[in-house]
Amino acid sequence: MSLTPTRARTWIDRWDRQQEGYLPDREIMFAVIADAVAANTDRPDPLVLDVACGPGSLGARIRERLPRARVIGIDADPVLLELARTAYGFDLVDRNLADPAWTADLPAEPIDAIVSTTALHWLGADQLAALYAQSAELLRPGGIFLNGDDMVTATTDIDQLHAAMGARQLEREGVGDREGWVEWWSAITAEPELATAVAERDNRRWEHPDDHGVTYEQHLKFLRAAGFRTAEPIWQYGRRRIIAAVN
């Protein structure tokens with residue numbers, strides 16, 4: 001029994017709903033990133049690399065915005081990769097971003113944009129600095145790196161304010177009672193059409209590592225040290241930011 005595109009999209013829709021329970025402005029973040037890719041590349045068919053792509057939600061929004069865009073996704077979770085592959089037909093690379101050789105299977109051509117959302121906080125400071133340096137090498141001159149994530153700050157006052165704002169936002173948007181991460185994963189591992197991918201995930205003992213707590217200030221420092229000529233936020237709500245870095 002193989003996974004169908006319709007069934008894959010059903011699981012991805014359910015993934016998106018549970019993610020909104022943590023990030024109620026997730027679709028806004030997607031839209032801002034897609035608009036920034038379109039504005040910076042100024043071409044209808046950019047080559048876009050989605051790092052830690054998960055089931056392809058961000059890549060799908062970029063392709064809605066730019067239907068001729070070529071999206072390549074990188075992730076290390078076989079279940080999420082199978083969903084992205086079946087639902088969207090993206091080019092996918094099965095690599096862990098913590099591995100310095102994660103770029104080995106990419107095409108030998110300059111990339112217009114590298115994007116990511118709510119994922120790079122899993123990397124430690126040294127790993128993130130290395131990823132930013134490698135990304136600067138992959139991007140064409142003038143190419144853009146866009147990272148949208150919850151970024152802790154160097155001041156606890158802002159973190160406390162963010163927590164209070166986030167609680168009110170969940171209430172206002174009516175998404176506080178969504179299915180959680182654990183419940184979604186418990187459900188999908190029982191999906192017979194994904195049995196092979198689930199078995200591979202178990203074999204790899206793949207789980208996201210803990211949040212390493214790299215601060216917003218460190219993100220900017222690492223991007224500038226990597227050689228990006230510009231690294232600034234282009235959107236923010238509380239601690240959630242989208243940082244744009246231009247090569």
# chains A, B, ... in the order shown; residues from 1 in each chain; ligands from 1
>>> select_by_dssp(residues="range 17-93 of chain A", states="helix (DSSP H, G or I)", output="ChimeraX atom specification")
/A:17-20,26-41,57-65,78-88
>>> residues_around(residues="Gly89 in chain A", least_positions_apart="5", cutoff="10 Å", atoms="only C-alpha atoms", output="list in words")
Pro5, Gly56, Val71, Ile72, Glu82, Leu83 and Ala84 of chain A
>>> write_last_selection(atoms="N, CA and C atoms", output="compact mmCIF listing (two decimals), in the first residue's frame")
# COMPACT_ATOMS: atom_id res chain seq x y z
N PRO A 5 -1.13 11.13 -3.05
CA PRO A 5 -1.00 12.58 -2.84
C PRO A 5 -2.13 13.15 -1.98
N GLY A 56 7.18 20.12 3.80
CA GLY A 56 7.14 20.97 2.61
C GLY A 56 6.18 22.14 2.65
N VAL A 71 11.97 24.21 -6.18
CA VAL A 71 12.19 24.09 -4.74
C VAL A 71 12.90 22.78 -4.44
N ILE A 72 14.00 22.87 -3.71
CA ILE A 72 14.71 21.70 -3.22
C ILE A 72 14.62 21.71 -1.70
N GLU A 82 8.76 11.87 3.12
CA GLU A 82 7.82 11.10 2.30
C GLU A 82 6.53 11.88 2.06
N LEU A 83 6.08 12.60 3.07
CA LEU A 83 4.89 13.45 2.88
C LEU A 83 5.16 14.53 1.84
N ALA A 84 6.30 15.20 1.94
CA ALA A 84 6.63 16.27 0.98
C ALA A 84 6.78 15.72 -0.42
>>> closest_residue(among="A:Ile188, A:Ile158, A:Ala31, A:Ala87", to="Thr117 in chain A", atoms="only C-alpha atoms")
A:Ala31
>>> residues_around(residues="Pro67 in chain A", least_positions_apart="3", cutoff="9 Å", atoms="only C-alpha atoms", output="JSON, numbers by chain")
{"A": [44, 45, 62, 63, 64, 70]}
>>> select_by_dssp(residues="range 3-247 of chain A", states="strand (DSSP E or B)", output="ChimeraX atom specification")
/A:47-51,70-75,91-94,111-117,139-150,230-237,240-246
>>> closest_residue(among="A:Cys53, A:Ile144, A:Ala190, A:Ala8", to="Ile243 in chain A", atoms="only C-alpha atoms")
A:Ile144
>>> residues_around(residues="Gly176 in chain A", least_positions_apart="6", cutoff="10 Å", atoms="only C-alpha atoms", output="list of chain:residue names")
A:Gln18, A:Glu20, A:Gly21, A:Tyr22, A:Leu23, A:Pro24, A:Ala167, A:Arg168, A:Gln169, A:Leu170
>>> closest_residue(among="A:Leu131, A:Val182, A:Ala38, A:Ala199", to="Arg65 in chain A", atoms="only C-alpha atoms")
A:Ala38
>>> residues_around(residues="Gln127 in chain A", least_positions_apart="4", cutoff="10 Å", atoms="only C-alpha atoms", output="ChimeraX atom specification")
/A:97-100,120,122-123,131-133
>>> closest_atom_pairs(of="range 28-58 of chain A", to="range 225-238 of chain A", cutoff="10 Å", atoms="only C-alpha atoms", output="JSON lines")
{"residue": "A:Ile28", "atom": "CA", "partner": "A:Trp235", "partner_atom": "CA", "distance": 9.6}
{"residue": "A:Met29", "atom": "CA", "partner": "A:Trp235", "partner_atom": "CA", "distance": 8.0}
{"residue": "A:Val32", "atom": "CA", "partner": "A:Trp235", "partner_atom": "CA", "distance": 7.6}
{"residue": "A:Ile33", "atom": "CA", "partner": "A:Ile234", "partner_atom": "CA", "distance": 9.3}
{"residue": "A:Ala36", "atom": "CA", "partner": "A:Ile234", "partner_atom": "CA", "distance": 9.0}
>>> closest_residue(among="A:Thr189, A:Thr153, A:Asn203, A:Gln218", to="Trp11 in chain A", atoms="only C-alpha atoms")
A:Thr189
>>> residues_around(residues="Thr196 in chain A", least_positions_apart="6", cutoff="10 Å", atoms="only C-alpha atoms", output="ChimeraX atom specification")
/A:2,78-79,82,202
>>> closest_residue(among="A:Ile74, A:Asp35, A:Phe222, A:Ala163", to="Ala130 in chain A", atoms="only C-alpha atoms")
A:Phe222
>>> atom_distance(atom1="CA of Pro192 in chain A", atom2="CA of Asn96 in chain A")
25.5 Å
>>> atom_distance(atom1="CA of Asp105 in chain A", atom2="CA of Arg85 in chain A")
16.5 Å
>>> closest_residue(among="A:Leu81, A:Leu146, A:Val51, A:Val198", to="Trp102 in chain A", atoms="only C-alpha atoms")
A:Val51
